Amino acid sequence: MSNLSHTGRDMASHPDVSEMRDRYASMLGGRDVALVDAPVFLVGLYCAISPWVLHFTANQPTLATHNLIMGIAIAALGLGFTVMPERMYGLSWAICAMGIWTILSTWIVGSSPDLGVVLNNVIIGGLTVLLGLACAAVSMKSGKRTV
């Protein structure tokens, strides 16, 4: 049986320390936007539950369904940014489009929405657009760095 105790050993003496440092640096290199992943998820989550929070499921049933679907989609993209950042940051512009659609859908999908519903969707859509732009800016910056 091998000795698994590491007393007295320093990681600097490990034969693969330089390779591990390079791999760690490359994995963290694309994570400049890590602070945006959680807010994208939270905005999507709030968008999904907002019809029940603001109680407009009875008078705006189609808009309630729309917000649920859009919220789940935005939250799924937020989770995707966390799990597979290299593959997902190309979809940052899609988040911006979803935010713009969330703003416009208040009047397109909804039927004469009241001020609370309008403010809710405009704020959610605006935050989604801003977070999408932040993700897109960081992905463009990291794309230029790797080329």
# chains A, B, ... in the order shown; residues from 1 in each chain; ligands from 1

call {"tool": "residues_around", "arguments": {"residues": "A:Ala48", "least_positions_apart": "4", "cutoff": "7 Å", "atoms": "only C-alpha atoms", "output": "JSON, numbers by chain"}}
result
{"A": [44, 67, 68, 69, 70, 71, 72]}

call {"tool": "write_last_selection", "arguments": {"atoms": "C-alpha atoms", "output": "mmCIF file, in the first residue's frame"}}
result
data_model
loop_
_atom_site.group_PDB
_atom_site.id
_atom_site.type_symbol
_atom_site.label_atom_id
_atom_site.label_comp_id
_atom_site.auth_asym_id
_atom_site.auth_seq_id
_atom_site.Cartn_x
_atom_site.Cartn_y
_atom_site.Cartn_z
ATOM 1 C CA GLY A 44 -34.616 34.748 -15.482
ATOM 2 C CA ASN A 67 -43.059 35.388 -18.771
ATOM 3 C CA LEU A 68 -42.793 31.857 -17.420
ATOM 4 C CA ILE A 69 -41.328 30.550 -20.685
ATOM 5 C CA MET A 70 -38.998 33.529 -21.185
ATOM 6 C CA GLY A 71 -37.849 33.357 -17.569
ATOM 7 C CA ILE A 72 -37.011 29.680 -17.847
#

call {"tool": "residues_around", "arguments": {"residues": "A:Trp107", "least_positions_apart": "5", "cutoff": "10 Å", "atoms": "only C-alpha atoms", "output": "PyMOL selection string"}}
result
chain A and resi 63+102+112-113+118

call {"tool": "residues_around", "arguments": {"residues": "A:Asn120", "least_positions_apart": "2", "cutoff": "10 Å", "atoms": "only C-alpha atoms", "output": "short mmCIF file (atom, residue, chain, number, x, y, z; two decimals) with all heavy atoms, in the first residue's frame"}}
result
data_model
loop_
_atom_site.label_atom_id
_atom_site.label_comp_id
_atom_site.auth_asym_id
_atom_site.auth_seq_id
_atom_site.Cartn_x
_atom_site.Cartn_y
_atom_site.Cartn_z
N TYR A 46 -36.67 35.43 -11.68
CA TYR A 46 -37.71 36.39 -11.31
C TYR A 46 -38.72 36.58 -12.45
O TYR A 46 -39.92 36.72 -12.20
CB TYR A 46 -37.11 37.74 -10.92
CG TYR A 46 -38.20 38.73 -10.62
CD1 TYR A 46 -38.92 38.64 -9.43
CD2 TYR A 46 -38.57 39.71 -11.53
CE1 TYR A 46 -39.96 39.50 -9.15
CE2 TYR A 46 -39.60 40.57 -11.26
CZ TYR A 46 -40.30 40.46 -10.08
OH TYR A 46 -41.34 41.31 -9.82
N CYS A 47 -38.24 36.60 -13.68
CA CYS A 47 -39.16 36.73 -14.82
C CYS A 47 -40.16 35.58 -14.84
O CYS A 47 -41.34 35.77 -15.12
CB CYS A 47 -38.38 36.79 -16.13
SG CYS A 47 -39.38 37.04 -17.59
N SER A 50 -42.58 36.14 -11.78
CA SER A 50 -43.18 37.47 -11.61
C SER A 50 -44.70 37.52 -11.80
O SER A 50 -45.36 38.31 -11.11
CB SER A 50 -42.50 38.48 -12.54
OG SER A 50 -42.77 38.18 -13.89
N PRO A 51 -45.31 36.71 -12.67
CA PRO A 51 -46.77 36.77 -12.75
C PRO A 51 -47.46 36.40 -11.44
O PRO A 51 -48.53 36.93 -11.12
CB PRO A 51 -47.11 35.76 -13.85
CG PRO A 51 -45.89 35.68 -14.68
CD PRO A 51 -44.75 35.88 -13.74
N LEU A 54 -46.61 39.39 -8.74
CA LEU A 54 -47.39 40.60 -8.96
C LEU A 54 -48.88 40.32 -9.19
O LEU A 54 -49.64 41.25 -9.42
CB LEU A 54 -46.83 41.37 -10.16
CG LEU A 54 -45.41 41.89 -9.98
CD1 LEU A 54 -44.95 42.59 -11.24
CD2 LEU A 54 -45.32 42.83 -8.80
N THR A 102 -38.79 40.90 -24.27
CA THR A 102 -39.53 40.96 -23.01
C THR A 102 -40.16 42.34 -22.82
O THR A 102 -41.29 42.45 -22.34
CB THR A 102 -38.62 40.61 -21.82
OG1 THR A 102 -38.07 39.31 -22.03
CG2 THR A 102 -39.36 40.62 -20.51
N ILE A 103 -39.44 43.37 -23.21
CA ILE A 103 -40.01 44.72 -23.11
C ILE A 103 -41.17 44.88 -24.08
O ILE A 103 -42.26 45.33 -23.70
CB ILE A 103 -38.92 45.78 -23.40
CG1 ILE A 103 -37.86 45.76 -22.30
CG2 ILE A 103 -39.54 47.17 -23.51
CD1 ILE A 103 -36.63 46.59 -22.62
N THR A 106 -44.83 43.04 -23.67
CA THR A 106 -45.83 43.55 -22.73
C THR A 106 -47.06 44.05 -23.50
O THR A 106 -48.19 43.81 -23.09
CB THR A 106 -45.24 44.69 -21.90
OG1 THR A 106 -44.03 44.23 -21.31
CG2 THR A 106 -46.19 45.14 -20.82
N LEU A 115 -50.01 49.49 -15.22
CA LEU A 115 -48.69 50.08 -15.01
C LEU A 115 -47.72 49.12 -14.32
O LEU A 115 -46.54 49.06 -14.67
CB LEU A 115 -48.82 51.37 -14.21
CG LEU A 115 -47.51 52.12 -13.94
CD1 LEU A 115 -46.88 52.57 -15.25
CD2 LEU A 115 -47.75 53.29 -13.02
N GLY A 116 -48.20 48.34 -13.36
CA GLY A 116 -47.33 47.40 -12.65
C GLY A 116 -46.75 46.33 -13.57
O GLY A 116 -45.57 46.00 -13.50
N VAL A 117 -47.58 45.81 -14.47
CA VAL A 117 -47.12 44.79 -15.43
C VAL A 117 -46.12 45.41 -16.41
O VAL A 117 -45.09 44.81 -16.72
CB VAL A 117 -48.32 44.18 -16.17
CG1 VAL A 117 -47.87 43.24 -17.26
CG2 VAL A 117 -49.25 43.47 -15.20
N VAL A 118 -46.42 46.62 -16.87
CA VAL A 118 -45.52 47.29 -17.81
C VAL A 118 -44.17 47.55 -17.15
O VAL A 118 -43.12 47.24 -17.72
CB VAL A 118 -46.15 48.61 -18.31
CG1 VAL A 118 -45.14 49.44 -19.09
CG2 VAL A 118 -47.38 48.34 -19.16
N VAL A 122 -40.62 45.93 -18.33
CA VAL A 122 -39.61 46.87 -18.81
C VAL A 122 -38.34 46.76 -17.96
O VAL A 122 -37.23 46.74 -18.49
CB VAL A 122 -40.16 48.31 -18.83
CG1 VAL A 122 -39.05 49.33 -19.03
CG2 VAL A 122 -41.20 48.45 -19.93
N ILE A 123 -38.48 46.64 -16.67
CA ILE A 123 -37.31 46.51 -15.79
C ILE A 123 -36.61 45.17 -16.03
O ILE A 123 -35.37 45.12 -16.16
CB ILE A 123 -37.70 46.68 -14.31
CG1 ILE A 123 -38.10 48.14 -14.06
CG2 ILE A 123 -36.58 46.26 -13.38
CD1 ILE A 123 -38.72 48.39 -12.70
N ILE A 124 -37.38 44.09 -16.12
CA ILE A 124 -36.77 42.78 -16.39
C ILE A 124 -36.07 42.79 -17.74
O ILE A 124 -34.94 42.32 -17.88
CB ILE A 124 -37.83 41.66 -16.35
CG1 ILE A 124 -38.31 41.42 -14.93
CG2 ILE A 124 -37.28 40.36 -16.94
CD1 ILE A 124 -39.48 40.47 -14.84
N GLY A 125 -36.73 43.32 -18.75
CA GLY A 125 -36.13 43.38 -20.09
C GLY A 125 -34.89 44.25 -20.12
O GLY A 125 -33.88 43.90 -20.75
N GLY A 126 -34.93 45.41 -19.44
CA GLY A 126 -33.77 46.29 -19.40
C GLY A 126 -32.58 45.63 -18.72
O GLY A 126 -31.45 45.72 -19.21
#

call {"tool": "residues_around", "arguments": {"residues": "A:Val129", "least_positions_apart": "5", "cutoff": "7 Å", "atoms": "only C-alpha atoms", "output": "ChimeraX atom specification"}}
result
/A:95-96,99-100

call {"tool": "atom_distance", "arguments": {"atom1": "atom CA of A:Leu42", "atom2": "atom CA of A:Ser111"}}
result
26.5 Å

call {"tool": "select_by_dssp", "arguments": {"residues": "stretch 40-111 of chain A", "states": "alpha helix (DSSP H)", "output": "PyMOL selection string"}}
result
chain A and resi 40-53+61-83+85-88+92-108

call {"tool": "write_last_selection", "arguments": {"atoms": "C-alpha atoms", "output": "PDB file, in the first residue's frame"}}
result
ATOM      1  CA  VAL A  40     -28.647  36.445 -15.496  1.00  0.00           C
ATOM      2  CA  PHE A  41     -29.976  33.358 -13.741  1.00  0.00           C
ATOM      3  CA  LEU A  42     -31.720  35.435 -11.066  1.00  0.00           C
ATOM      4  CA  VAL A  43     -33.326  37.791 -13.596  1.00  0.00           C
ATOM      5  CA  GLY A  44     -34.616  34.748 -15.482  1.00  0.00           C
ATOM      6  CA  LEU A  45     -35.902  33.198 -12.291  1.00  0.00           C
ATOM      7  CA  TYR A  46     -37.705  36.385 -11.312  1.00  0.00           C
ATOM      8  CA  CYS A  47     -39.159  36.733 -14.815  1.00  0.00           C
ATOM      9  CA  ALA A  48     -40.566  33.215 -14.512  1.00  0.00           C
ATOM     10  CA  ILE A  49     -42.213  33.818 -11.127  1.00  0.00           C
ATOM     11  CA  SER A  50     -43.183  37.474 -11.610  1.00  0.00           C
ATOM     12  CA  PRO A  51     -46.774  36.766 -12.746  1.00  0.00           C
ATOM     13  CA  TRP A  52     -47.441  35.117  -9.403  1.00  0.00           C
ATOM     14  CA  VAL A  53     -45.482  37.692  -7.408  1.00  0.00           C
ATOM     15  CA  PRO A  61     -52.924  34.745 -18.629  1.00  0.00           C
ATOM     16  CA  THR A  62     -51.064  34.817 -21.964  1.00  0.00           C
ATOM     17  CA  LEU A  63     -48.479  37.254 -20.627  1.00  0.00           C
ATOM     18  CA  ALA A  64     -48.093  35.114 -17.501  1.00  0.00           C
ATOM     19  CA  THR A  65     -47.349  32.062 -19.663  1.00  0.00           C
ATOM     20  CA  HIS A  66     -45.003  34.133 -21.802  1.00  0.00           C
ATOM     21  CA  ASN A  67     -43.059  35.388 -18.771  1.00  0.00           C
ATOM     22  CA  LEU A  68     -42.793  31.857 -17.420  1.00  0.00           C
ATOM     23  CA  ILE A  69     -41.328  30.550 -20.685  1.00  0.00           C
ATOM     24  CA  MET A  70     -38.998  33.529 -21.185  1.00  0.00           C
ATOM     25  CA  GLY A  71     -37.849  33.357 -17.569  1.00  0.00           C
ATOM     26  CA  ILE A  72     -37.011  29.680 -17.847  1.00  0.00           C
ATOM     27  CA  ALA A  73     -35.111  30.338 -21.093  1.00  0.00           C
ATOM     28  CA  ILE A  74     -33.115  33.225 -19.597  1.00  0.00           C
ATOM     29  CA  ALA A  75     -32.340  31.218 -16.456  1.00  0.00           C
ATOM     30  CA  ALA A  76     -31.256  28.233 -18.588  1.00  0.00           C
ATOM     31  CA  LEU A  77     -28.845  30.468 -20.503  1.00  0.00           C
ATOM     32  CA  GLY A  78     -27.523  31.799 -17.189  1.00  0.00           C
ATOM     33  CA  LEU A  79     -26.863  28.250 -16.036  1.00  0.00           C
ATOM     34  CA  GLY A  80     -25.281  27.460 -19.388  1.00  0.00           C
ATOM     35  CA  PHE A  81     -22.909  30.401 -18.956  1.00  0.00           C
ATOM     36  CA  THR A  82     -21.827  28.890 -15.661  1.00  0.00           C
ATOM     37  CA  VAL A  83     -21.488  25.285 -16.819  1.00  0.00           C
ATOM     38  CA  PRO A  85     -18.774  29.318 -20.669  1.00  0.00           C
ATOM     39  CA  GLU A  86     -16.669  28.767 -23.787  1.00  0.00           C
ATOM     40  CA  ARG A  87     -19.652  27.443 -25.734  1.00  0.00           C
ATOM     41  CA  MET A  88     -22.338  29.724 -24.348  1.00  0.00           C
ATOM     42  CA  SER A  92     -24.829  36.654 -25.248  1.00  0.00           C
ATOM     43  CA  TRP A  93     -26.473  38.532 -28.083  1.00  0.00           C
ATOM     44  CA  ALA A  94     -29.467  36.204 -27.803  1.00  0.00           C
ATOM     45  CA  ILE A  95     -29.885  37.375 -24.199  1.00  0.00           C
ATOM     46  CA  CYS A  96     -30.028  40.958 -25.481  1.00  0.00           C
ATOM     47  CA  ALA A  97     -32.698  40.001 -28.017  1.00  0.00           C
ATOM     48  CA  MET A  98     -34.672  38.211 -25.307  1.00  0.00           C
ATOM     49  CA  GLY A  99     -34.527  41.331 -23.159  1.00  0.00           C
ATOM     50  CA  ILE A 100     -35.797  43.530 -25.979  1.00  0.00           C
ATOM     51  CA  TRP A 101     -38.563  41.028 -26.693  1.00  0.00           C
ATOM     52  CA  THR A 102     -39.533  40.959 -23.008  1.00  0.00           C
ATOM     53  CA  ILE A 103     -40.005  44.722 -23.114  1.00  0.00           C
ATOM     54  CA  LEU A 104     -42.008  44.688 -26.350  1.00  0.00           C
ATOM     55  CA  SER A 105     -44.067  41.626 -25.470  1.00  0.00           C
ATOM     56  CA  THR A 106     -45.833  43.553 -22.735  1.00  0.00           C
ATOM     57  CA  TRP A 107     -47.936  45.252 -25.410  1.00  0.00           C
ATOM     58  CA  ILE A 108     -47.774  42.543 -28.100  1.00  0.00           C
TER      59      ILE A 108
END

call {"tool": "atom_distance", "arguments": {"atom1": "atom CA of A:Cys135", "atom2": "atom CA of A:Asn121"}}
result
20.7 Å

call {"tool": "atom_distance", "arguments": {"atom1": "atom CA of A:Leu127", "atom2": "atom CA of A:Leu35"}}
result
14.2 Å

call {"tool": "closest_residue", "arguments": {"among": "A:Val109, A:Met140, A:Ser18, A:Tyr89", "to": "A:Asp37", "atoms": "only C-alpha atoms"}}
result
A:Tyr89
